>>> print(open('coords_27.tsv').read())   # TSV, C-alpha atoms and all ligand atoms
chain	number	residue	atom	x	y	z
K	834	MET	CA	0.00	0.00	0.00
K	835	GLU	CA	1.11	3.54	-0.70
K	836	LYS	CA	0.87	6.02	2.16
K	837	GLU	CA	0.16	8.91	-0.20
K	838	ARG	CA	-2.75	7.07	-1.80
K	839	ILE	CA	-4.24	6.27	1.62
K	840	LYS	CA	-4.13	9.99	2.39
K	841	GLU	CA	-5.72	10.81	-0.95
K	842	PHE	CA	-8.53	8.31	-0.42
K	843	ALA	CA	-9.10	9.50	3.15
K	844	GLY	CA	-9.56	12.97	1.64
K	845	LYS	CA	-12.00	11.59	-0.92
K	846	VAL	CA	-14.09	9.74	1.67
K	847	MET	CA	-14.15	12.86	3.85
K	848	SER	CA	-15.17	15.03	0.92
K	849	ASP	CA	-17.99	12.60	0.00
K	850	LEU	CA	-19.24	12.61	3.59
K	851	SER	CA	-19.08	16.37	3.64
K	852	GLY	CA	-20.91	16.51	0.27
K	853	GLY	CA	-23.62	14.26	1.65
K	854	MET	CA	-24.13	16.60	4.60
K	855	ALA	CA	-24.07	19.66	2.32
K	856	ALA	CA	-26.79	18.03	0.19
K	857	GLY	CA	-28.80	17.30	3.35
K	858	LEU	CA	-28.47	20.91	4.51
K	859	ALA	CA	-29.39	22.13	1.02
K	860	TYR	CA	-32.46	19.84	1.06
K	861	VAL	CA	-33.57	21.58	4.27
K	862	GLY	CA	-32.92	24.96	2.65
K	863	ALA	CA	-35.15	24.08	-0.31
K	864	GLN	CA	-37.79	22.39	1.84
K	865	THR	CA	-38.17	25.15	4.45
K	866	GLY	CA	-37.96	28.06	2.01
K	867	LEU	CA	-34.64	29.32	3.40
K	868	PHE	CA	-33.17	29.61	-0.09
K	869	GLN	CA	-36.24	31.65	-1.08
K	870	THR	CA	-35.72	33.84	1.98
K	871	LEU	CA	-32.15	34.57	0.91
K	872	SER	CA	-32.67	34.69	-2.85
K	873	GLY	CA	-32.01	38.03	-4.52
K	874	GLN	CA	-31.61	39.81	-1.15
K	875	GLY	CA	-27.86	40.42	-1.16
K	876	PRO	CA	-26.09	40.30	2.22
K	877	MET	CA	-28.44	39.73	5.18
K	878	SER	CA	-27.86	39.62	8.91
K	879	MET	CA	-28.70	36.44	10.79
K	880	GLU	CA	-31.45	38.23	12.71
K	881	HIS	CA	-33.04	39.45	9.49
K	882	ILE	CA	-32.93	35.95	7.95
K	883	ILE	CA	-34.47	34.41	11.08
K	884	GLU	CA	-37.23	37.01	11.17
K	885	LYS	CA	-37.98	36.83	7.44
K	886	SER	CA	-38.01	33.01	7.40
K	887	GLY	CA	-40.29	32.68	10.45
K	888	LEU	CA	-38.30	29.54	11.39
K	889	GLN	CA	-36.78	28.41	14.66
K	890	PRO	CA	-33.77	30.69	15.41
K	891	ARG	CA	-31.33	28.07	16.67
K	892	TYR	CA	-31.93	25.80	13.66
K	893	VAL	CA	-31.51	28.66	11.20
K	894	GLU	CA	-28.31	29.79	12.91
K	895	GLU	CA	-26.72	26.34	12.66
K	896	TRP	CA	-27.92	25.89	9.07
K	897	LEU	CA	-26.46	29.24	8.00
K	898	LYS	CA	-23.08	28.35	9.48
K	899	GLY	CA	-23.14	24.90	7.87
K	900	MET	CA	-24.04	26.34	4.48
K	901	VAL	CA	-21.16	28.83	4.76
K	902	CYS	CA	-18.75	25.96	5.49
K	903	ALA	CA	-20.20	24.01	2.54
K	904	GLU	CA	-19.65	27.14	0.37
K	905	TYR	CA	-23.31	27.55	-0.54
K	906	LEU	CA	-23.47	30.90	1.28
K	907	GLN	CA	-20.97	33.73	1.35
K	908	TYR	CA	-20.13	35.13	4.76
K	909	ASP	CA	-18.88	38.68	5.36
K	910	MET	CA	-16.94	38.53	8.60
K	911	ASP	CA	-16.77	42.32	9.11
K	912	ASN	CA	-20.52	42.90	8.75
K	913	GLU	CA	-21.57	39.43	9.94
K	914	THR	CA	-23.84	38.95	6.94
K	915	PHE	CA	-24.84	35.91	4.86
K	916	GLU	CA	-25.48	35.97	1.13
K	917	LEU	CA	-26.83	33.44	-1.35
K	918	PRO	CA	-25.06	33.98	-4.69
K	919	ASP	CA	-27.59	34.81	-7.42
K	920	GLU	CA	-26.35	31.89	-9.51
K	921	LEU	CA	-27.12	29.45	-6.69
K	922	GLY	CA	-30.51	31.08	-6.14
K	923	PHE	CA	-31.18	30.46	-9.84
K	924	LEU	CA	-30.71	26.73	-9.21
K	925	LEU	CA	-32.18	26.31	-5.72
K	926	ALA	CA	-34.83	29.00	-5.28
K	927	SER	CA	-36.55	28.40	-8.60
K	928	GLU	CA	-39.14	25.66	-8.08
K	929	GLY	CA	-41.16	24.94	-11.21
K	930	THR	CA	-38.42	25.98	-13.66
K	931	ASP	CA	-36.33	23.72	-15.88
K	932	HIS	CA	-33.18	24.76	-14.00
K	933	TYR	CA	-34.45	23.93	-10.50
K	934	MET	CA	-32.15	21.46	-8.71
K	935	GLY	CA	-34.22	21.22	-5.51
K	936	GLY	CA	-36.05	18.15	-6.84
K	937	LEU	CA	-32.78	16.24	-6.98
K	938	LEU	CA	-32.02	17.38	-3.43
K	939	HIS	CA	-35.46	16.20	-2.38
K	940	SER	CA	-34.78	12.73	-3.76
K	941	LEU	CA	-31.76	12.20	-1.53
K	942	PRO	CA	-33.30	11.83	1.96
K	943	MET	CA	-36.24	9.97	0.41
K	944	MET	CA	-33.88	7.39	-1.09
K	945	LEU	CA	-31.39	7.19	1.76
K	946	SER	CA	-34.18	6.70	4.31
K	947	VAL	CA	-34.50	3.13	3.02
K	948	ALA	CA	-30.73	2.42	3.11
K	949	PRO	CA	-31.04	-0.10	6.01
K	950	ARG	CA	-33.74	-2.02	4.11
K	951	VAL	CA	-31.66	-1.95	0.93
K	952	SER	CA	-28.66	-3.32	2.82
K	953	ASP	CA	-30.88	-6.08	4.12
K	954	ALA	CA	-32.01	-6.84	0.54
K	955	PHE	CA	-28.35	-7.34	-0.46
K	956	ILE	CA	-28.32	-10.26	1.97
K	957	ASN	CA	-31.85	-11.63	1.77
K	958	GLY	CA	-33.06	-10.49	-1.64
K	959	GLY	CA	-36.32	-8.65	-2.26
K	960	GLY	CA	-36.34	-4.86	-2.19
K	961	VAL	CA	-38.40	-1.81	-1.31
K	962	PRO	CA	-41.77	-1.53	-3.10
K	963	PHE	CA	-42.52	1.74	-4.94
K	964	GLU	CA	-45.40	2.57	-2.60
K	965	ASP	CA	-43.15	2.29	0.48
K	966	TYR	CA	-41.39	5.52	-0.55
K	967	GLY	CA	-44.78	7.13	0.19
K	968	GLN	CA	-45.91	10.64	-0.66
K	969	ASP	CA	-42.33	11.88	-0.33
K	970	GLY	CA	-41.24	9.56	-3.16
K	971	ILE	CA	-44.02	10.83	-5.39
K	972	LEU	CA	-43.25	14.45	-4.51
K	973	ALA	CA	-39.53	14.02	-5.21
K	974	ILE	CA	-40.22	12.60	-8.70
K	975	ASP	CA	-42.71	15.42	-9.31
K	976	LEU	CA	-40.23	18.10	-8.21
K	977	MET	CA	-37.45	16.60	-10.33
K	978	ASN	CA	-39.49	16.52	-13.53
K	979	ARG	CA	-42.28	19.09	-13.45
K	980	GLY	CA	-40.32	22.18	-14.49
K	981	LEU	CA	-38.56	20.28	-17.26
K	982	TYR	CA	-41.83	18.92	-18.66
K	983	GLU	CA	-43.64	22.25	-18.43
K	984	GLN	CA	-40.89	24.16	-20.16
K	985	ARG	CA	-39.35	21.71	-22.60
K	986	PHE	CA	-41.72	18.86	-23.36
K	987	VAL	CA	-43.79	20.55	-26.03
K	988	SER	CA	-41.72	23.52	-27.17
K	989	TYR	CA	-38.46	21.62	-27.55
K	990	TRP	CA	-38.76	17.84	-27.27
K	991	LEU	CA	-41.97	17.27	-29.27
K	992	LYS	CA	-41.13	20.10	-31.66
K	993	SER	CA	-38.01	18.16	-32.64
K	994	MET	CA	-40.35	15.58	-34.21
K	995	PRO	CA	-42.29	17.71	-36.75
K	996	THR	CA	-44.71	14.99	-37.88
K	997	VAL	CA	-45.67	14.25	-34.29
K	998	TYR	CA	-46.09	17.96	-33.54
K	999	GLU	CA	-48.26	18.50	-36.65
K	1000	LYS	CA	-50.41	15.49	-35.83
K	1001	LEU	CA	-51.08	16.72	-32.30
K	1002	THR	CA	-51.82	20.24	-33.53
K	1003	ALA	CA	-54.38	18.87	-36.00
K	1004	GLY	CA	-55.80	16.44	-33.41
K	1005	GLY	CA	-54.45	13.06	-32.38
K	1006	ARG	CA	-54.65	10.50	-29.61
K	1007	VAL	CA	-51.92	10.28	-26.98
K	1008	LEU	CA	-51.17	7.88	-24.14
K	1009	ASP	CA	-48.66	8.76	-21.41
K	1010	PHE	CA	-47.74	5.40	-19.88
K	1011	GLY	CA	-46.49	5.52	-16.26
K	1012	CYS	CA	-47.63	9.13	-16.06
K	1013	GLY	CA	-46.96	9.61	-12.32
K	1014	THR	CA	-48.38	12.95	-11.16
K	1015	GLY	CA	-49.21	13.78	-14.77
K	1016	HIS	CA	-47.11	16.79	-15.73
K	1017	ALA	CA	-46.08	15.50	-19.17
K	1018	ALA	CA	-49.72	14.77	-20.08
K	1019	LEU	CA	-50.91	18.04	-18.53
K	1020	THR	CA	-48.39	20.07	-20.50
K	1021	MET	CA	-49.31	18.35	-23.75
K	1022	ALA	CA	-53.06	18.62	-23.10
K	1023	GLY	CA	-52.68	22.34	-22.45
K	1024	ALA	CA	-50.76	22.85	-25.68
K	1025	PHE	CA	-52.80	20.70	-28.08
K	1026	ALA	CA	-56.49	21.42	-27.52
K	1027	LYS	CA	-57.60	19.29	-30.49
K	1028	SER	CA	-55.86	16.14	-29.24
K	1029	GLN	CA	-57.10	13.66	-26.65
K	1030	PHE	CA	-54.79	12.51	-23.84
K	1031	ILE	CA	-54.80	9.60	-21.42
K	1032	GLY	CA	-52.36	9.23	-18.54
K	1033	LEU	CA	-52.06	5.68	-17.19
K	1034	ASP	CA	-50.29	4.71	-13.98
K	1035	ILE	CA	-50.49	1.74	-11.68
K	1036	ASP	CA	-49.90	3.79	-8.52
K	1037	PRO	CA	-53.15	5.08	-6.94
K	1038	ALA	CA	-51.51	7.93	-5.00
K	1039	SER	CA	-49.75	9.27	-8.13
K	1040	ILE	CA	-52.99	9.18	-10.13
K	1041	GLU	CA	-54.88	10.90	-7.33
K	1042	GLN	CA	-52.35	13.74	-7.47
K	1043	ALA	CA	-52.48	13.80	-11.30
K	1044	CYS	CA	-56.29	14.17	-11.21
K	1045	LYS	CA	-55.98	17.01	-8.70
K	1046	ASN	CA	-53.36	18.71	-10.90
K	1047	ALA	CA	-55.71	18.40	-13.90
K	1048	ARG	CA	-58.62	19.91	-11.96
K	1049	ASP	CA	-56.40	22.75	-10.66
K	1050	ALA	CA	-55.24	23.47	-14.21
K	1051	GLY	CA	-58.80	23.27	-15.58
K	1052	LEU	CA	-57.64	20.59	-18.01
K	1053	THR	CA	-60.33	17.95	-17.90
K	1054	ASP	CA	-61.90	18.20	-21.40
K	1055	ASN	CA	-59.15	16.51	-23.38
K	1056	LEU	CA	-57.29	14.70	-20.59
K	1057	ASN	CA	-58.19	11.65	-18.56
K	1058	PHE	CA	-56.06	9.93	-15.93
K	1059	VAL	CA	-56.56	6.20	-15.43
K	1060	GLN	CA	-55.25	4.23	-12.48
K	1061	GLY	CA	-54.41	0.63	-13.29
K	1062	THR	CA	-53.00	-1.40	-16.14
K	1063	PHE	CA	-53.73	-1.86	-19.85
K	1064	SER	CA	-56.91	-3.79	-19.11
K	1065	ASP	CA	-58.30	-0.61	-17.51
K	1066	LEU	CA	-58.12	1.26	-20.84
K	1067	GLU	CA	-61.09	1.23	-23.18
K	1068	PRO	CA	-60.53	-1.67	-25.57
K	1069	GLY	CA	-59.74	-1.15	-29.25
K	1070	GLN	CA	-57.90	2.18	-28.89
K	1071	GLN	CA	-54.93	3.20	-31.02
K	1072	PHE	CA	-52.60	6.07	-30.23
K	1073	ASP	CA	-50.67	8.39	-32.56
K	1074	LEU	CA	-48.18	9.14	-29.83
K	1075	ILE	CA	-47.28	7.13	-26.75
K	1076	THR	CA	-44.94	8.74	-24.24
K	1077	THR	CA	-43.24	7.03	-21.36
K	1078	CYS	CA	-41.01	9.14	-19.18
K	1079	ASP	CA	-38.48	7.92	-16.65
K	1080	CYS	CA	-40.42	4.68	-16.43
K	1081	ILE	CA	-39.26	1.75	-18.63
K	1082	HIS	CA	-36.22	0.98	-16.47
K	1083	ASP	CA	-38.52	0.76	-13.41
K	1084	LEU	CA	-40.87	-1.88	-14.80
K	1085	THR	CA	-41.40	-5.41	-13.57
K	1086	ASP	CA	-42.12	-6.62	-17.12
K	1087	PRO	CA	-40.47	-4.14	-19.48
K	1088	VAL	CA	-40.69	-6.28	-22.63
K	1089	GLY	CA	-44.30	-7.26	-21.88
K	1090	VAL	CA	-45.22	-3.58	-21.46
K	1091	LEU	CA	-43.37	-2.55	-24.63
K	1092	LYS	CA	-45.15	-5.32	-26.57
K	1093	LYS	CA	-48.49	-3.94	-25.40
K	1094	LEU	CA	-47.41	-0.39	-26.31
K	1095	CYS	CA	-46.46	-1.74	-29.76
K	1096	GLU	CA	-50.02	-3.08	-30.18
K	1097	LEU	CA	-51.55	0.21	-29.00
K	1098	LEU	CA	-49.43	2.39	-31.31
K	1099	SER	CA	-51.03	3.29	-34.65
K	1100	SER	CA	-49.18	2.14	-37.77
K	1101	ASP	CA	-47.55	5.57	-38.33
K	1102	GLY	CA	-47.36	6.45	-34.63
K	1103	THR	CA	-44.34	7.25	-32.44
K	1104	LEU	CA	-43.33	5.91	-29.06
K	1105	PHE	CA	-41.36	8.68	-27.33
K	1106	ILE	CA	-39.22	7.34	-24.49
K	1107	ILE	CA	-37.39	9.49	-21.95
K	1108	GLU	CA	-34.75	7.85	-19.79
K	1109	PRO	CA	-31.82	8.88	-17.57
K	1110	LYS	CA	-28.73	9.84	-19.55
K	1111	VAL	CA	-26.01	7.27	-19.16
K	1112	ALA	CA	-23.55	5.76	-21.60
K	1113	ASP	CA	-23.51	2.06	-22.46
K	1114	SER	CA	-20.02	1.55	-21.17
K	1115	LEU	CA	-19.30	1.71	-17.46
K	1116	THR	CA	-16.02	3.53	-18.02
K	1117	GLU	CA	-17.82	6.39	-19.79
K	1118	ASN	CA	-20.05	6.77	-16.73
K	1119	ILE	CA	-17.19	7.48	-14.33
K	1120	ASN	CA	-18.39	10.97	-13.46
K	1121	PRO	CA	-20.68	12.62	-10.85
K	1122	ILE	CA	-23.84	11.90	-12.85
K	1123	GLY	CA	-22.89	8.21	-13.20
K	1124	ALA	CA	-22.33	7.96	-9.43
K	1125	LEU	CA	-25.62	9.76	-8.76
K	1126	TYR	CA	-27.59	7.53	-11.12
K	1127	TYR	CA	-26.11	4.27	-9.83
K	1128	GLY	CA	-26.98	5.45	-6.30
K	1129	MET	CA	-30.53	6.25	-7.40
K	1130	SER	CA	-30.69	2.82	-8.95
K	1131	VAL	CA	-29.65	0.98	-5.79
K	1132	PHE	CA	-31.79	3.11	-3.47
K	1133	HIS	CA	-34.87	3.32	-5.68
K	1134	CYS	CA	-35.21	2.24	-9.34
K	1135	MET	CA	-33.60	-1.22	-9.38
K	1136	THR	CA	-34.75	-1.97	-5.85
K	1137	GLN	CA	-38.45	-1.21	-6.35
K	1138	SER	CA	-38.49	-3.39	-9.50
K	1139	LEU	CA	-36.77	-6.28	-7.68
K	1140	ALA	CA	-39.24	-5.86	-4.78
K	1141	ALA	CA	-42.09	-6.53	-7.22
K	1142	GLY	CA	-40.37	-9.57	-8.76
K	1143	GLY	CA	-39.10	-7.60	-11.78
K	1144	PRO	CA	-35.69	-7.78	-13.48
K	1145	GLY	CA	-34.36	-4.66	-11.72
K	1146	LEU	CA	-33.04	-3.05	-14.89
K	1147	GLY	CA	-32.06	-0.01	-12.88
K	1148	THR	CA	-31.50	3.65	-13.69
K	1149	CYS	CA	-28.46	3.06	-15.91
K	1150	LEU	CA	-30.06	1.01	-18.68
K	1151	GLY	CA	-28.39	3.06	-21.43
K	1152	PRO	CA	-29.17	3.24	-25.17
K	1153	SER	CA	-28.10	-0.32	-26.10
K	1154	GLY	CA	-30.16	-1.82	-23.29
K	1155	MET	CA	-33.19	0.18	-24.42
K	1156	GLN	CA	-32.69	-0.73	-28.07
K	1157	SER	CA	-32.55	-4.40	-27.19
K	1158	LEU	CA	-35.82	-4.16	-25.21
K	1159	VAL	CA	-37.76	-2.40	-27.98
K	1160	LYS	CA	-36.49	-4.90	-30.58
K	1161	GLN	CA	-37.60	-7.81	-28.38
K	1162	ALA	CA	-41.01	-6.13	-28.12
K	1163	GLY	CA	-41.40	-6.10	-31.92
K	1164	PHE	CA	-40.50	-2.52	-32.89
K	1165	ASN	CA	-38.27	-2.15	-35.94
K	1166	SER	CA	-37.17	1.48	-35.76
K	1167	PHE	CA	-35.12	2.92	-32.88
K	1168	GLU	CA	-33.69	6.43	-32.97
K	1169	VAL	CA	-31.71	8.29	-30.30
K	1170	LEU	CA	-32.87	11.90	-30.62
K	1171	GLU	CA	-30.23	14.61	-30.65
K	1172	LEU	CA	-31.74	16.81	-27.95
K	1173	LYS	CA	-29.64	18.87	-25.57
K	1174	SER	CA	-29.82	17.65	-22.00
K	1175	GLN	CA	-27.30	16.95	-19.28
K	1176	MET	CA	-29.27	14.23	-17.56
K	1177	THR	CA	-31.85	12.85	-20.00
K	1178	LEU	CA	-31.86	10.64	-23.09
K	1179	PHE	CA	-34.65	10.68	-25.67
K	1180	TYR	CA	-35.69	7.89	-28.03
K	1181	ALA	CA	-38.20	7.84	-30.91
K	1182	VAL	CA	-39.40	4.30	-31.53
K	1183	ARG	CA	-41.63	3.30	-34.45
K	1184	HIS	CA	-43.08	0.17	-36.10
K	1201	LIG	C1	-40.11	7.30	-11.93
K	1201	LIG	S1	-41.83	7.38	-12.06
K	1201	LIG	C2	-42.05	8.51	-13.42
K	1201	LIG	C3	-43.37	9.21	-13.38
K	1201	LIG	C4	-43.60	10.21	-14.52
K	1201	LIG	N1	-43.63	9.55	-15.80
K	1201	LIG	C5	-42.52	11.28	-14.52
K	1201	LIG	O1	-41.73	11.30	-15.46
K	1201	LIG	O2	-42.51	12.10	-13.60
K	1201	LIG	C6	-42.28	5.83	-12.81
K	1201	LIG	C7	-43.77	5.65	-12.82
K	1201	LIG	O3	-44.08	4.42	-13.49
K	1201	LIG	C8	-45.22	3.86	-12.86
K	1201	LIG	N2	-45.34	2.43	-13.19
K	1201	LIG	C9	-44.50	1.45	-12.85
K	1201	LIG	N3	-44.95	0.26	-13.33
K	1201	LIG	C10	-46.08	0.52	-14.00
K	1201	LIG	C11	-47.01	-0.30	-14.73
K	1201	LIG	N4	-46.83	-1.61	-14.85
K	1201	LIG	N5	-48.07	0.30	-15.29
K	1201	LIG	C12	-48.26	1.63	-15.17
K	1201	LIG	N6	-47.42	2.45	-14.50
K	1201	LIG	C13	-46.34	1.90	-13.91
K	1201	LIG	C14	-44.98	4.15	-11.39
K	1201	LIG	O4	-46.16	4.04	-10.62
K	1201	LIG	C15	-44.42	5.56	-11.46
K	1201	LIG	O5	-45.42	6.54	-11.32
>>> encode(input="coords_27.tsv", output="structure tokens", more="lines below")
Ligand SMILES: C[S@@+](CC[C@H](N)C(=O)[O-])C[C@H]1O[C@@H](n2cnc3c(N)ncnc32)[C@H](O)[C@@H]1O
Amino acid sequence: MEKERIKEFAGKVMSDLSGGMAAGLAYVGAQTGLFQTLSGQGPMSMEHIIEKSGLQPRYVEEWLKGMVCAEYLQYDMDNETFELPDELGFLLASEGTDHYMGGLLHSLPMMLSVAPRVSDAFINGGGVPFEDYGQDGILAIDLMNRGLYEQRFVSYWLKSMPTVYEKLTAGGRVLDFGCGTGHAALTMAGAFAKSQFIGLDIDPASIEQACKNARDAGLTDNLNFVQGTFSDLEPGQQFDLITTCDCIHDLTDPVGVLKKLCELLSSDGTLFIIEPKVADSLTENINPIGALYYGMSVFHCMTQSLAAGGPGLGTCLGPSGMQSLVKQAGFNSFEVLELKSQMTLFYAVRH
């Protein structure tokens, strides 16, 4: 063993531990509104922050000091003020935008809360069922995706497929499979009044939230959320577009589902698949996003599939894995779309 390398690795472990705590503190900042309190305000005294936040003074004090040490906040020693840099406010005090990173922060405690059960599953098998992540799991997925879907789904992602976009403008039929809390379907239904949309999800709590979102948005004429499986859809339907976002890698029977989607897709229709952005080769994934996604896989995606007796494909399926699944399901055309995104891959699949 080399002494220098031991020192280096000790530094790395310490920095990872410190990063974990920084992410936990940042989660609290997003969750309690502290980033909102600080955002765009310039330097603020601790007393002012405590008063404006309406939170418990001792907690806020310790959080502010921790966030200074983690270099999220700037501290002016002479004036004893704390400041959130505007650029960080752009990322953390911006819920509902496509640049909001608070959803990712929200996912961390939700996933790590099941770490003891996941460790147990390494020994005894099984996993943690999707529903055991509770409302917090649903909220984290919602927070991670909503802003992206609202701001990019139609105006960028669908627009990159002109025939799909024209069809929906003229009036088509769309299924969002595994719709979760419904933001992809809601965004599309709001943009294409002449098209009809169905969101299908097996999880009752997600569908309940999706229905509430639709009512709140006044989008009930051309959008219907269905809780259940394919047998809960009206028989004999065909869809011009089927979307499935952040979902295929989670499934207990991915090929079976894709086969059914193949049957439901009209002869000139498109299956639009969104998945986490990872490369096929492990060595290309040696970066922070690769580490994040493999963690998400172990603490959520793979584990909830294995819990339900599925194959546990996991978050890092990658383009080759997806291509193989759609071929097995009977699709002949598989295209990786050239859309800009740091964390997401897009596929257009056709008969
Ligand atoms: C990671 S979430 C993604 C939700 C939503 N599409 C989004 O992008 O925010 C995966 C979703 O797939 C749903 N799901 C898993 N298996 C399913 C199945 N067999 N049929 C329908 N939905 C399913 C889950 O309930 C969950 O809401």
>>> atom_distance(input="coords_27.tsv", atom1="atom CA of K:Phe915", atom2="atom CA of K:Tyr860")
18.2 Å
>>> residues_near_ligand(input="coords_27.tsv", ligand="ligand LIG 1201 (chain K)", cutoff="6 Å", atoms="all atoms listed in the file", output="PyMOL selection string")
chain K and resi 974-975+978+1011-1013+1033-1036+1062+1078-1080+1084
>>> residues_around(input="coords_27.tsv", residues="K:Ser940", least_positions_apart="5", cutoff="9 Å", atoms="all atoms listed in the file", output="list in words")
Tyr860, Gly935, Leu945, Asp969, Gly970, Leu972, Ala973, Ile974, Leu976, Met977 and Met1129 of chain K
>>> closest_residue(input="coords_27.tsv", among="K:Thr1014, K:Gln864, K:Thr1085, K:Ser872", to="K:Ala1141", atoms="only C-alpha atoms")
K:Thr1085
>>> closest_residue(input="coords_27.tsv", among="K:Pro918, K:Gly844, K:Gly936, K:Pro1144", to="K:Asp1086", atoms="only C-alpha atoms")
K:Pro1144
>>> residues_around(input="coords_27.tsv", residues="K:Val951", least_positions_apart="6", cutoff="8 Å", atoms="only C-alpha atoms", output="list of chain:residue names")
K:Gly960, K:Val961, K:Val1131, K:Phe1132, K:Thr1136
>>> closest_residue(input="coords_27.tsv", among="K:Asp1101, K:Leu1170, K:Asp1009, K:Leu1019", to="K:Val1059", atoms="only C-alpha atoms")
K:Asp1009
>>> atom_distance(input="coords_27.tsv", atom1="atom CA of K:Gly1143", atom2="atom CA of K:Pro1087")
8.6 Å
>>> build_atoms(input="coords_27.tsv", residues="stretch 1019-1030 of chain K", atoms="N, CA and C atoms", output="mmCIF file, in the coordinates of the input")
data_model
loop_
_atom_site.group_PDB
_atom_site.id
_atom_site.type_symbol
_atom_site.label_atom_id
_atom_site.label_comp_id
_atom_site.auth_asym_id
_atom_site.auth_seq_id
_atom_site.Cartn_x
_atom_site.Cartn_y
_atom_site.Cartn_z
ATOM 1 N N LEU K 1019 -50.281 16.729 -18.759
ATOM 2 C CA LEU K 1019 -50.910 18.040 -18.530
ATOM 3 C C LEU K 1019 -50.342 19.094 -19.470
ATOM 4 N N THR K 1020 -49.035 19.082 -19.626
ATOM 5 C CA THR K 1020 -48.390 20.070 -20.500
ATOM 6 C C THR K 1020 -48.845 19.882 -21.935
ATOM 7 N N MET K 1021 -48.893 18.610 -22.360
ATOM 8 C CA MET K 1021 -49.310 18.350 -23.750
ATOM 9 C C MET K 1021 -50.780 18.719 -23.935
ATOM 10 N N ALA K 1022 -51.623 18.342 -22.965
ATOM 11 C CA ALA K 1022 -53.060 18.620 -23.100
ATOM 12 C C ALA K 1022 -53.328 20.124 -23.158
ATOM 13 N N GLY K 1023 -52.519 20.887 -22.421
ATOM 14 C CA GLY K 1023 -52.680 22.340 -22.450
ATOM 15 C C GLY K 1023 -52.251 22.938 -23.776
ATOM 16 N N ALA K 1024 -51.317 22.288 -24.443
ATOM 17 C CA ALA K 1024 -50.760 22.850 -25.680
ATOM 18 C C ALA K 1024 -51.530 22.413 -26.935
ATOM 19 N N PHE K 1025 -52.148 21.225 -26.869
ATOM 20 C CA PHE K 1025 -52.800 20.700 -28.080
ATOM 21 C C PHE K 1025 -54.285 20.443 -27.776
ATOM 22 N N ALA K 1026 -55.073 21.499 -27.924
ATOM 23 C CA ALA K 1026 -56.490 21.420 -27.520
ATOM 24 C C ALA K 1026 -57.281 20.431 -28.374
ATOM 25 N N LYS K 1027 -56.824 20.184 -29.612
ATOM 26 C CA LYS K 1027 -57.600 19.290 -30.490
ATOM 27 C C LYS K 1027 -57.264 17.819 -30.287
ATOM 28 N N SER K 1028 -56.251 17.536 -29.473
ATOM 29 C CA SER K 1028 -55.860 16.140 -29.240
ATOM 30 C C SER K 1028 -56.463 15.627 -27.933
ATOM 31 N N GLN K 1029 -56.563 14.310 -27.846
ATOM 32 C CA GLN K 1029 -57.100 13.660 -26.650
ATOM 33 C C GLN K 1029 -55.965 12.931 -25.929
ATOM 34 N N PHE K 1030 -55.906 13.068 -24.614
ATOM 35 C CA PHE K 1030 -54.790 12.510 -23.840
ATOM 36 C C PHE K 1030 -55.284 11.591 -22.722
#
